[in-house]
file structure.txt (compact mmCIF, C-alpha atoms)
# COMPACT_ATOMS: atom_id res chain seq x y z
CA MET S 19 -36.96 -4.48 17.30
CA ILE S 20 -38.58 -6.41 20.13
CA VAL S 21 -40.98 -3.72 21.34
CA LYS S 22 -42.09 -0.39 19.92
CA SER S 23 -42.25 1.27 23.34
CA LYS S 24 -39.11 3.00 24.54
CA ALA S 25 -37.27 3.69 27.76
CA ILE S 26 -36.34 7.31 28.43
CA ARG S 27 -34.33 6.41 31.51
CA ILE S 28 -33.65 2.99 33.06
CA PHE S 29 -32.87 2.93 36.75
CA ASP S 30 -29.99 0.61 37.68
CA TYR S 31 -31.57 -2.27 39.61
CA HIS S 32 -28.26 -2.85 41.39
CA ASP S 33 -29.06 0.36 43.27
CA ILE S 34 -32.32 -1.07 44.64
CA ASP S 35 -31.94 -2.21 48.23
CA VAL S 36 -32.96 -5.89 48.26
CA GLY S 37 -32.76 -5.83 52.06
CA GLN S 38 -35.98 -3.79 52.30
CA PHE S 39 -37.91 -6.81 50.94
CA ALA S 40 -36.01 -9.62 52.68
CA GLU S 41 -36.36 -10.96 56.20
CA PRO S 42 -32.98 -12.24 57.41
CA PHE S 43 -32.69 -16.02 57.53
CA SER S 44 -32.92 -17.56 60.97
CA MET S 45 -33.40 -21.03 62.38
CA SER S 46 -34.45 -21.70 65.95
CA GLU S 47 -33.16 -24.59 68.05
CA GLU S 48 -36.65 -26.04 67.94
CA GLU S 49 -36.73 -26.00 64.13
CA LEU S 50 -33.29 -27.59 64.01
CA GLU S 51 -34.37 -30.34 66.41
CA GLY S 52 -37.52 -30.91 64.34
CA LYS S 53 -35.51 -31.30 61.14
CA LEU S 54 -33.04 -33.61 62.88
CA LYS S 55 -35.93 -35.74 64.08
CA LYS S 56 -37.44 -35.96 60.62
CA LEU S 57 -34.07 -36.98 59.20
CA LEU S 58 -33.62 -39.64 61.86
CA LEU S 59 -37.18 -40.88 61.33
CA ARG S 60 -36.14 -42.08 57.89
CA HIS S 61 -33.57 -44.27 59.59
CA ALA S 62 -35.77 -45.31 62.48
CA GLU S 63 -36.48 -48.92 63.27
CA THR S 64 -40.15 -49.93 63.32
CA VAL S 65 -41.02 -52.24 66.20
CA ASP S 66 -44.20 -53.77 67.58
CA ALA S 67 -45.45 -51.62 70.43
CA ASP S 68 -46.38 -53.40 73.63
CA MET S 69 -48.71 -50.70 74.86
CA ILE S 70 -50.04 -47.80 72.77
CA GLU S 71 -48.29 -44.46 73.20
CA ALA S 72 -48.65 -41.16 71.38
CA ASP S 73 -47.44 -41.26 67.76
CA ASP S 74 -47.65 -45.05 67.43
CA ILE S 75 -49.13 -46.19 64.11
CA VAL S 76 -52.17 -48.13 65.21
CA THR S 77 -54.68 -50.27 63.35
CA VAL S 78 -58.09 -50.69 64.98
CA ASP S 79 -61.48 -52.19 64.24
CA THR S 80 -64.39 -50.07 65.37
CA VAL S 81 -68.05 -50.89 65.83
CA SER S 82 -70.58 -48.11 66.14
CA GLU S 83 -73.84 -46.83 64.73
CA THR S 84 -71.90 -43.87 63.32
CA PRO S 85 -70.50 -44.91 59.91
CA ARG S 86 -67.15 -43.16 60.47
CA PHE S 87 -66.61 -45.35 63.55
CA ASN S 88 -67.96 -48.60 62.15
CA LYS S 89 -64.99 -49.85 60.17
CA LYS S 90 -62.37 -52.54 60.08
CA GLY S 91 -58.65 -51.91 59.71
CA VAL S 92 -58.63 -48.19 60.45
CA GLN S 93 -55.06 -46.85 60.52
CA LEU S 94 -54.18 -43.82 62.57
CA LYS S 95 -51.33 -42.04 64.27
CA ALA S 96 -52.25 -42.27 67.95
CA GLY S 97 -52.89 -38.97 69.64
CA ARG S 98 -52.85 -36.76 66.54
CA GLY S 99 -56.64 -36.60 66.52
CA LEU S 100 -57.22 -36.99 62.79
CA TYR S 101 -59.67 -39.85 63.36
CA SER S 102 -61.09 -38.72 66.69
CA ARG S 103 -59.28 -36.84 69.41
CA GLU S 104 -61.47 -38.42 72.10
CA LEU S 105 -61.22 -41.98 70.77
CA GLU S 106 -57.46 -41.71 70.30
CA ALA S 107 -57.10 -40.49 73.87
CA GLU S 108 -58.87 -43.67 75.00
CA LEU S 109 -56.41 -45.80 73.00
CA MET S 110 -53.42 -44.72 75.07
CA GLY S 111 -52.20 -47.63 77.17
CA MET S 112 -54.25 -50.26 75.34
CA ARG S 113 -52.57 -53.44 74.10
CA VAL S 114 -52.89 -55.37 70.85
CA GLY S 115 -56.01 -57.56 70.98
CA GLU S 116 -57.62 -55.48 73.71
CA GLU S 117 -61.22 -54.34 73.25
CA LYS S 118 -62.81 -51.31 74.87
CA ALA S 119 -66.19 -49.60 74.76
CA VAL S 120 -65.79 -45.85 74.70
CA THR S 121 -68.11 -42.89 74.57
CA ILE S 122 -67.15 -40.06 72.27
CA PRO S 123 -69.21 -37.04 71.12
CA GLU S 124 -70.29 -38.98 68.01
CA GLY S 125 -71.69 -41.85 70.12
CA GLU S 126 -70.77 -45.23 71.57
CA VAL S 127 -67.84 -47.01 69.91
CA THR S 128 -66.34 -50.41 70.60
CA VAL S 129 -62.71 -50.38 69.58
CA THR S 130 -60.36 -53.35 69.18
CA VAL S 131 -56.63 -52.85 68.73
CA ILE S 132 -55.37 -54.95 65.81
CA SER S 133 -51.77 -53.77 65.69
CA ALA S 134 -49.51 -51.06 67.06
CA LYS S 135 -46.18 -50.10 65.52
CA ARG S 136 -43.63 -47.67 66.85
CA LYS S 137 -40.73 -45.96 65.19
CA VAL S 138 -37.66 -45.96 67.39
CA LEU S 139 -35.24 -43.17 66.59
CA PRO S 140 -31.56 -44.00 66.73
CA GLU S 141 -29.57 -42.03 69.30
CA LEU S 142 -27.81 -39.22 67.50
CA THR S 143 -24.10 -39.96 67.59
CA ASP S 144 -21.22 -39.16 65.25
CA GLU S 145 -21.48 -42.72 63.97
CA ILE S 146 -25.17 -42.32 63.12
CA ALA S 147 -24.54 -38.91 61.56
CA ALA S 148 -21.84 -40.44 59.34
CA SER S 149 -24.12 -43.36 58.42
CA LEU S 150 -26.76 -41.04 56.95
CA GLY S 151 -24.70 -40.93 53.77
CA ILE S 152 -24.65 -37.15 53.41
CA ASP S 153 -21.58 -35.83 51.60
CA GLY S 154 -19.10 -34.21 54.00
CA VAL S 155 -21.09 -35.17 57.13
CA ASN S 156 -19.22 -37.34 59.61
CA THR S 157 -20.17 -35.82 62.95
CA VAL S 158 -23.27 -34.50 64.74
CA ALA S 159 -21.89 -30.96 64.49
CA GLU S 160 -21.40 -31.34 60.74
CA LEU S 161 -24.92 -32.74 60.43
CA LYS S 162 -26.41 -29.74 62.24
CA SER S 163 -24.38 -27.40 60.09
CA HIS S 164 -25.54 -29.26 56.97
CA ILE S 165 -29.19 -28.95 58.03
CA GLU S 166 -28.76 -25.21 58.58
CA ASP S 167 -27.10 -24.81 55.18
CA GLU S 168 -29.90 -26.74 53.51
CA ALA S 169 -32.53 -24.64 55.27
CA ARG S 170 -30.72 -21.45 54.23
CA SER S 171 -30.59 -22.60 50.58
CA GLN S 172 -34.24 -23.53 50.80
CA TYR S 173 -35.08 -20.12 52.23
CA VAL S 174 -33.22 -18.42 49.37
CA GLU S 175 -35.04 -20.57 46.82
CA ASP S 176 -38.43 -19.94 48.43
CA VAL S 177 -38.20 -16.15 48.72
CA THR S 178 -36.08 -15.19 45.70
CA GLU S 179 -38.88 -15.01 43.18
CA GLY S 180 -41.20 -12.96 45.40
CA ILE S 181 -38.43 -10.49 46.19
CA ALA S 182 -37.46 -10.32 42.51
CA VAL S 183 -41.05 -9.31 41.69
CA ALA S 184 -40.82 -6.49 44.27
CA VAL S 185 -37.45 -5.33 42.86
CA SER S 186 -38.85 -5.51 39.32
CA ASN S 187 -41.84 -3.36 40.33
CA GLU S 188 -39.54 -0.79 41.91
CA LEU S 189 -37.32 -0.83 38.83
CA ASN S 190 -40.36 -0.02 36.67
CA GLU S 191 -41.48 2.71 39.05
CA ARG S 192 -38.07 4.38 39.10
CA SER S 193 -37.52 4.19 35.35
CA GLU S 194 -39.17 6.41 32.74
CA PHE S 195 -40.91 5.16 29.62
CA GLU S 196 -42.48 6.32 26.44
CA LEU S 197 -45.04 3.61 25.89
CA ASP S 198 -46.33 3.10 22.37
CA PRO S 199 -50.14 3.74 22.43
CA ASP S 200 -50.95 0.72 20.23
CA GLU S 201 -48.74 -1.58 22.28
CA LEU S 202 -50.23 -0.22 25.49
CA GLU S 203 -53.73 -0.82 24.18
CA THR S 204 -52.78 -4.40 23.21
CA VAL S 205 -51.33 -5.34 26.61
CA ARG S 206 -54.27 -3.71 28.40
CA ALA S 207 -56.66 -5.77 26.29
CA GLU S 208 -54.64 -8.87 27.23
CA GLY S 209 -54.90 -7.89 30.89
CA LYS S 210 -58.67 -7.51 30.62
CA SER S 211 -58.94 -10.81 28.81
CA MET S 212 -56.88 -12.47 31.58
CA ALA S 213 -59.13 -10.92 34.24
CA ASP S 214 -62.24 -12.14 32.34
CA ASP S 215 -60.79 -15.66 32.01
CA MET S 216 -60.03 -15.83 35.72
CA LEU S 217 -63.65 -15.02 36.53
CA ARG S 218 -64.95 -17.48 33.92
CA SER S 219 -62.75 -20.24 35.37
CA SER S 220 -64.50 -19.62 38.70
CA GLY S 221 -67.89 -20.00 37.02
CA LEU S 222 -68.69 -16.26 36.82
CA ASP S 223 -69.84 -14.23 33.84
CA PRO S 224 -67.45 -11.23 33.64
CA GLU S 225 -70.23 -9.00 32.35
CA THR S 226 -72.78 -9.71 35.07
CA ALA S 227 -70.62 -10.79 38.04
CA THR S 228 -71.31 -8.66 41.10
CA ASP S 229 -68.72 -7.11 43.40
CA GLU S 230 -69.65 -9.62 46.08
CA GLU S 231 -69.19 -12.60 43.74
CA VAL S 232 -65.83 -11.34 42.47
CA THR S 233 -64.62 -10.66 46.01
CA ALA S 234 -65.53 -14.23 46.98
CA VAL S 235 -63.31 -15.75 44.26
CA ALA S 236 -60.62 -13.10 43.71
CA GLY S 237 -60.33 -11.64 47.21
CA GLN S 238 -60.94 -8.10 45.95
CA SER S 239 -63.70 -6.00 44.38
CA LYS S 240 -64.47 -6.27 40.68
CA ALA S 241 -62.88 -2.88 39.96
CA ALA S 242 -59.78 -3.79 41.97
CA HIS S 243 -59.52 -7.16 40.20
CA TYR S 244 -59.50 -5.51 36.77
CA SER S 245 -57.25 -2.69 37.91
CA PHE S 246 -54.74 -5.20 39.36
CA LEU S 247 -54.48 -7.19 36.13
CA ASP S 248 -54.30 -3.99 34.09
CA ALA S 249 -51.35 -2.85 36.22
CA ILE S 250 -49.64 -6.24 35.84
CA SER S 251 -50.01 -6.04 32.06
CA VAL S 252 -48.61 -2.51 31.87
CA ASP S 253 -45.75 -3.54 34.18
CA GLY S 254 -45.10 -6.49 31.88
CA LEU S 255 -44.72 -4.11 28.95
CA LYS S 256 -42.32 -1.91 30.95
CA SER S 257 -40.25 -4.99 31.88
CA ALA S 258 -40.19 -5.97 28.22
CA VAL S 259 -38.85 -2.53 27.31
CA ILE S 260 -36.07 -2.81 29.90
CA GLY S 261 -35.41 -6.43 28.92
CA SER S 262 -35.09 -5.54 25.24
CA VAL S 263 -32.50 -2.87 26.10
CA MET S 264 -30.61 -5.41 28.24
CA MET S 265 -30.74 -8.00 25.45
CA GLU S 266 -29.32 -5.54 22.96
CA ARG S 267 -26.61 -4.51 25.44
CA ASP S 268 -25.66 -8.16 26.10
CA GLY S 269 -25.88 -9.29 22.49
CA GLU S 270 -28.66 -11.69 23.41
CA VAL S 271 -30.53 -12.85 20.33
CA ILE S 272 -33.68 -14.88 19.91
CA GLN S 273 -32.72 -18.25 18.51
CA PRO S 274 -34.48 -19.85 15.55
CA GLY S 275 -37.25 -22.14 16.75
CA GLU S 276 -37.80 -20.39 20.09
CA TYR S 277 -41.22 -19.08 19.10
CA GLU S 278 -42.27 -22.46 17.69
CA GLU S 279 -41.21 -24.09 20.98
CA ALA S 280 -43.23 -21.54 22.99
CA VAL S 281 -46.29 -22.23 20.82
CA LYS S 282 -45.77 -25.99 21.23
CA LEU S 283 -45.57 -25.68 25.04
CA CYS S 284 -48.65 -23.45 25.08
CA ALA S 285 -50.57 -25.95 22.91
CA GLU S 286 -49.53 -28.91 25.10
CA GLY S 287 -50.19 -27.08 28.35
CA MET S 288 -53.64 -25.85 27.34
CA GLY S 289 -54.69 -28.77 25.16
CA LEU S 290 -54.90 -26.57 22.01
CA THR S 291 -53.99 -27.07 18.38
CA ARG S 292 -50.90 -25.25 17.10
CA GLU S 293 -53.09 -22.76 15.23
CA GLU S 294 -55.15 -22.06 18.35
CA ALA S 295 -51.98 -21.67 20.44
CA GLU S 296 -50.65 -19.13 17.93
CA THR S 297 -53.65 -16.92 18.67
CA VAL S 298 -53.01 -17.21 22.43
CA ILE S 299 -49.30 -16.48 22.19
CA THR S 300 -48.91 -14.20 19.21
CA TYR S 301 -45.40 -13.39 17.99
CA PRO S 302 -45.39 -9.82 19.42
CA LYS S 303 -46.60 -11.23 22.74
CA PHE S 304 -43.86 -13.87 22.66
CA LEU S 305 -41.25 -11.14 22.04
CA ARG S 306 -42.56 -9.08 24.98
CA GLN S 307 -42.54 -12.10 27.27
CA ARG S 308 -39.07 -13.14 26.09
CA ALA S 309 -37.65 -9.68 26.81
CA GLY S 310 -39.55 -9.37 30.10
CA ASN S 311 -38.20 -12.76 31.20
CA TYR S 312 -34.66 -11.72 30.28
CA CYS S 313 -34.99 -8.71 32.56
CA PHE S 314 -36.61 -10.76 35.34
CA GLU S 315 -33.98 -13.50 35.20
CA ALA S 316 -31.23 -10.89 35.63
CA ILE S 317 -33.07 -9.52 38.68
CA VAL S 318 -33.56 -13.03 40.09
CA LYS S 319 -29.80 -13.61 39.77
CA TYR S 320 -29.07 -10.32 41.52
CA VAL S 321 -31.51 -11.09 44.37
CA LYS S 322 -30.19 -14.62 44.78
CA GLU S 323 -26.60 -13.42 45.01
CA TYR S 324 -27.62 -10.84 47.60
CA LEU S 325 -29.46 -13.42 49.73
CA GLU S 326 -26.63 -15.92 49.50
CA ARG S 327 -24.13 -13.28 50.62
CA LYS S 328 -26.34 -12.53 53.64
CA MET C 8 -47.45 -43.97 53.10
CA SER C 9 -45.87 -44.17 49.75
CA ILE C 10 -45.21 -41.50 47.18
CA ASN C 11 -45.70 -42.72 43.63
CA ILE C 12 -45.00 -40.84 40.44
CA ALA C 13 -47.86 -41.23 37.97
CA HIS C 14 -47.78 -40.98 34.20
CA THR C 15 -50.59 -41.18 31.69
CA ASP C 16 -50.38 -44.97 31.59
CA THR C 17 -50.25 -45.48 35.38
CA PHE C 18 -52.48 -42.69 36.74
CA GLU C 19 -55.69 -44.71 36.80
CA GLU C 20 -54.04 -47.71 38.42
CA LEU C 21 -52.48 -45.55 41.14
CA THR C 22 -55.67 -43.68 42.00
CA ARG C 23 -58.44 -46.23 41.57
CA GLU C 24 -58.31 -47.76 45.06
CA GLY C 25 -58.67 -46.13 48.44
CA PHE C 26 -57.90 -42.58 49.47
CA VAL C 27 -55.17 -40.84 47.48
CA ILE C 28 -53.74 -37.33 47.55
CA VAL C 29 -52.71 -36.36 44.02
CA ASP C 30 -50.22 -33.53 43.66
CA PHE C 31 -50.01 -31.94 40.20
CA TYR C 32 -46.82 -29.89 39.94
CA SER C 33 -44.38 -28.45 37.45
CA THR C 34 -40.62 -28.62 37.47
CA THR C 35 -39.86 -24.94 37.97
CA CYS C 36 -42.76 -23.78 40.18
CA VAL C 37 -41.53 -22.65 43.60
CA PRO C 38 -44.83 -23.16 45.51
CA CYS C 39 -44.88 -26.70 44.03
CA LYS C 40 -41.52 -27.39 45.63
CA MET C 41 -42.79 -26.09 48.97
CA LEU C 42 -45.85 -28.33 48.73
CA SER C 43 -43.65 -31.25 47.77
CA ARG C 44 -41.61 -30.84 50.94
CA ILE C 45 -44.78 -30.68 53.04
CA LEU C 46 -46.03 -33.91 51.47
CA GLU C 47 -42.67 -35.62 52.01
CA ASP C 48 -42.81 -34.66 55.68
CA LEU C 49 -46.35 -36.01 55.90
CA THR C 50 -45.20 -39.36 54.50
CA GLU C 51 -43.09 -39.77 57.61
CA ASP C 52 -45.97 -38.94 59.94
CA TYR C 53 -48.81 -40.73 58.15
CA PRO C 54 -47.31 -43.75 56.38
CA PHE C 55 -50.78 -45.14 55.66
CA VAL C 56 -51.87 -42.31 53.35
CA ASN C 57 -51.00 -42.67 49.67
CA ILE C 58 -49.66 -39.79 47.64
CA VAL C 59 -49.42 -39.68 43.88
CA LYS C 60 -47.39 -37.01 42.12
CA VAL C 61 -47.86 -35.86 38.54
CA ASN C 62 -45.28 -33.66 36.84
CA VAL C 63 -47.34 -31.75 34.28
CA THR C 64 -44.16 -30.38 32.67
CA ASP C 65 -43.05 -33.90 31.82
CA ASP C 66 -46.55 -35.17 31.15
CA PRO C 67 -48.64 -32.28 29.80
CA LYS C 68 -51.21 -34.66 28.29
CA LEU C 69 -52.06 -36.05 31.71
CA GLY C 70 -52.30 -32.50 33.06
CA ALA C 71 -54.68 -31.57 30.25
CA ASP C 72 -56.69 -34.79 30.70
CA GLN C 73 -57.08 -33.96 34.39
CA GLN C 74 -58.01 -30.35 33.53
CA ILE C 75 -55.08 -28.85 35.39
CA GLU C 76 -54.99 -25.12 34.65
CA ALA C 77 -52.53 -24.03 37.33
CA VAL C 78 -49.97 -25.62 39.62
CA PRO C 79 -49.79 -26.74 42.29
CA THR C 80 -53.19 -28.41 42.18
CA VAL C 81 -54.08 -31.04 44.74
CA LYS C 82 -56.87 -33.54 44.16
CA PHE C 83 -58.20 -35.59 47.04
CA MET C 84 -59.56 -38.81 45.57
CA ARG C 85 -61.22 -41.97 46.77
CA ASP C 86 -61.61 -45.07 44.60
CA GLY C 87 -60.87 -42.99 41.51
CA GLU C 88 -63.48 -40.34 42.30
CA ILE C 89 -62.48 -36.74 42.99
CA LEU C 90 -63.59 -35.62 46.45
CA GLU C 91 -62.11 -32.12 46.27
CA THR C 92 -59.70 -30.11 44.14
CA VAL C 93 -57.58 -27.36 45.64
CA VAL C 94 -55.61 -25.02 43.39
CA GLY C 95 -52.62 -23.29 44.98
CA LEU C 96 -50.26 -23.95 47.85
CA MET C 97 -51.72 -25.71 50.88
CA ASP C 98 -50.05 -25.69 54.28
CA GLU C 99 -49.50 -28.79 56.40
CA ASP C 100 -52.50 -28.12 58.68
CA GLU C 101 -54.85 -27.73 55.73
CA ILE C 102 -53.73 -31.07 54.26
CA ILE C 103 -54.05 -32.78 57.64
CA GLU C 104 -57.58 -31.39 57.92
CA LYS C 105 -58.45 -32.89 54.53
CA ILE C 106 -56.97 -36.26 55.54
CA SER C 107 -59.08 -36.18 58.69
CA GLU C 108 -62.16 -35.26 56.65
CA TYR C 109 -61.79 -37.71 53.78
CA PHE C 110 -59.57 -40.61 54.84
CA TYR C 111 -61.88 -41.81 57.60
CA ASN C 112 -65.29 -41.08 56.01
call {"tool": "encode", "arguments": {"input": "structure.txt", "output": "structure tokens"}}
result
Amino acid sequence: MIVKSKAIRIFDYHDIDVGQFAEPFSMSEEELEGKLKKLLLRHAETVDADMIEADDIVTVDTVSETPRFNKKGVQLKAGRGLYSRELEAELMGMRVGEEKAVTIPEGEVTVTVISAKRKVLPELTDEIAASLGIDGVNTVAELKSHIEDEARSQYVEDVTEGIAVAVSNELNERSEFELDPDELETVRAEGKSMADDMLRSSGLDPETATDEEVTAVAGQSKAAHYSFLDAISVDGLKSAVIGSVMMERDGEVIQPGEYEEAVKLCAEGMGLTREEAETVITYPKFLRQRAGNYCFEAIVKYVKEYLERK
Amino acid sequence: MSINIAHTDTFEELTREGFVIVDFYSTTCVPCKMLSRILEDLTEDYPFVNIVKVNVTDDPKLGADQQIEAVPTVKFMRDGEILETVVGLMDEDEIIEKISEYFYN
């Protein structure tokens, strides 16, 4: 028996509409052009620039009373404004070796251009597309299609887990449980401990932290912070109940050594001894997590298949 | 810019000189993958900024040594000293802002 709590009725997650949580995938022409440009940049030729233009990689020496602008060998991407929007504007049109005194909000700066490099993008032709070495891509059209496919796969990967959490929450809401009081008390204590630890890791004392202090680090009031982690813990128990039923249905068994491996990972990840890790991830907790993960992985698979179909 | 993968035995060497953005990530974390793509894009735009990546799944000791409690965690470092640590996913503009703040000061 993985958990003592029971399910009275388990809603079929296949009947939950994934579409309510998912924005349809789309890619604008502008995004496609941007991705094409980034791809071509990797194959761009770097040449010495005669006269500085926007996006050239420029090295300058600066002399000023302001420390930020009194340096040798400063590298910047012209026009992006990371160093100084005003100074970079003055660089446009300057040549290597040229010196110029400029006035910027931070003060007077004398700037000398040491070098200027420019990336020259190849013209996008079928030949260039084929030379990128992407499997199945021999033409510009195939390259664009490949970029869209990649972006779609990326989108699915990025949103699947978040949507799976929403589906899992709905599954818990629409199912009915008979939660074992002792087990419920245990997971609630774990939730409180987690909430305490989060505050401690932000330098707060859980006992004395004020609403204002908790809001500053957790983005919600102290009561809401504890209530949120309590709800997550109870939901975790419900997922474990559903997962244990699914494991039994599928003949999924916990393999010898799985718990030891979980303890080892916990010890390595948190810098604990094995004995200390065993108190963090107790065997009942491991069983709940294992069953909860089994349920969640099934939901992730379902969500992913839905998104890929769309 | 170059992206280097650091391990316990190379971390100090890769971070001891100049400004470095250190990305601590794990193999299966989705936000880590998103951050990784942002950093790869930045390498194209800002080739003079160094990025060091640490996979705490492969190298948990280094993660523990660097007191990494959650991933992704980004450390902005100069000459081996930590300037700022950010836990959680950062967007491109936020990273650019940090480069502007730390790289040139």
call {"tool": "atom_distance", "arguments": {"input": "structure.txt", "atom1": "CA of Phe26 in chain C", "atom2": "CA of Ala67 in chain S"}}
result
26.0 Å
call {"tool": "atom_distance", "arguments": {"input": "structure.txt", "atom1": "CA of Val94 in chain C", "atom2": "CA of Val27 in chain C"}}
result
16.3 Å
call {"tool": "closest_atom_pairs", "arguments": {"input": "structure.txt", "of": "chain S", "to": "chain C", "cutoff": "8 Å", "atoms": "only C-alpha atoms", "output": "JSON lines"}}
result
{"residue": "S:Lys56", "atom": "CA", "partner": "C:Asp48", "partner_atom": "CA", "distance": 7.4}
{"residue": "S:Leu59", "atom": "CA", "partner": "C:Glu51", "partner_atom": "CA", "distance": 7.1}
{"residue": "S:Arg60", "atom": "CA", "partner": "C:Glu51", "partner_atom": "CA", "distance": 7.3}
{"residue": "S:Pro85", "atom": "CA", "partner": "C:Asn112", "partner_atom": "CA", "distance": 7.6}
{"residue": "S:Arg86", "atom": "CA", "partner": "C:Asn112", "partner_atom": "CA", "distance": 5.3}
{"residue": "S:Val92", "atom": "CA", "partner": "C:Tyr111", "partner_atom": "CA", "distance": 7.7}
{"residue": "S:Gln93", "atom": "CA", "partner": "C:Phe55", "partner_atom": "CA", "distance": 6.7}
{"residue": "S:Leu94", "atom": "CA", "partner": "C:Tyr53", "partner_atom": "CA", "distance": 7.6}
{"residue": "S:Lys95", "atom": "CA", "partner": "C:Tyr53", "partner_atom": "CA", "distance": 6.7}
{"residue": "S:Leu100", "atom": "CA", "partner": "C:Ser107", "partner_atom": "CA", "distance": 4.6}
{"residue": "S:Tyr101", "atom": "CA", "partner": "C:Ser107", "partner_atom": "CA", "distance": 6.0}
{"residue": "S:Glu175", "atom": "CA", "partner": "C:Val37", "partner_atom": "CA", "distance": 7.5}
{"residue": "S:Asp176", "atom": "CA", "partner": "C:Val37", "partner_atom": "CA", "distance": 6.3}
{"residue": "S:Glu286", "atom": "CA", "partner": "C:Pro67", "partner_atom": "CA", "distance": 5.9}
{"residue": "S:Gly287", "atom": "CA", "partner": "C:Pro67", "partner_atom": "CA", "distance": 5.6}
{"residue": "S:Met288", "atom": "CA", "partner": "C:Ala71", "partner_atom": "CA", "distance": 6.5}
{"residue": "S:Gly289", "atom": "CA", "partner": "C:Ala71", "partner_atom": "CA", "distance": 5.8}
call {"tool": "residues_around", "arguments": {"input": "structure.txt", "residues": "Ala134 in chain S", "least_positions_apart": "4", "cutoff": "7 Å", "atoms": "all atoms listed in the file", "output": "JSON, numbers by chain"}}
result
{"S": [66, 67, 70, 74, 75, 76, 77, 114]}
call {"tool": "atom_distance", "arguments": {"input": "structure.txt", "atom1": "CA of Phe246 in chain S", "atom2": "CA of Lys303 in chain S"}}
result
19.5 Å
call {"tool": "residues_around", "arguments": {"input": "structure.txt", "residues": "Phe18 in chain C", "least_positions_apart": "6", "cutoff": "9 Å", "atoms": "all atoms listed in the file", "output": "NGL selection string"}}
result
:C and (12 or 59 or 61 or 69)
call {"tool": "residues_around", "arguments": {"input": "structure.txt", "residues": "Met97 in chain C", "least_positions_apart": "2", "cutoff": "9 Å", "atoms": "only C-alpha atoms", "output": "list in words"}}
result
Leu42, Ile45, Pro79, Val81, Val93, Val94, Gly95, Glu99, Asp100, Glu101 and Ile102 of chain C
call {"tool": "closest_residue", "arguments": {"input": "structure.txt", "among": "C:Val78, C:Leu96, C:Cys39, C:Ile58", "to": "Thr22 in chain C", "atoms": "only C-alpha atoms"}}
result
C:Ile58
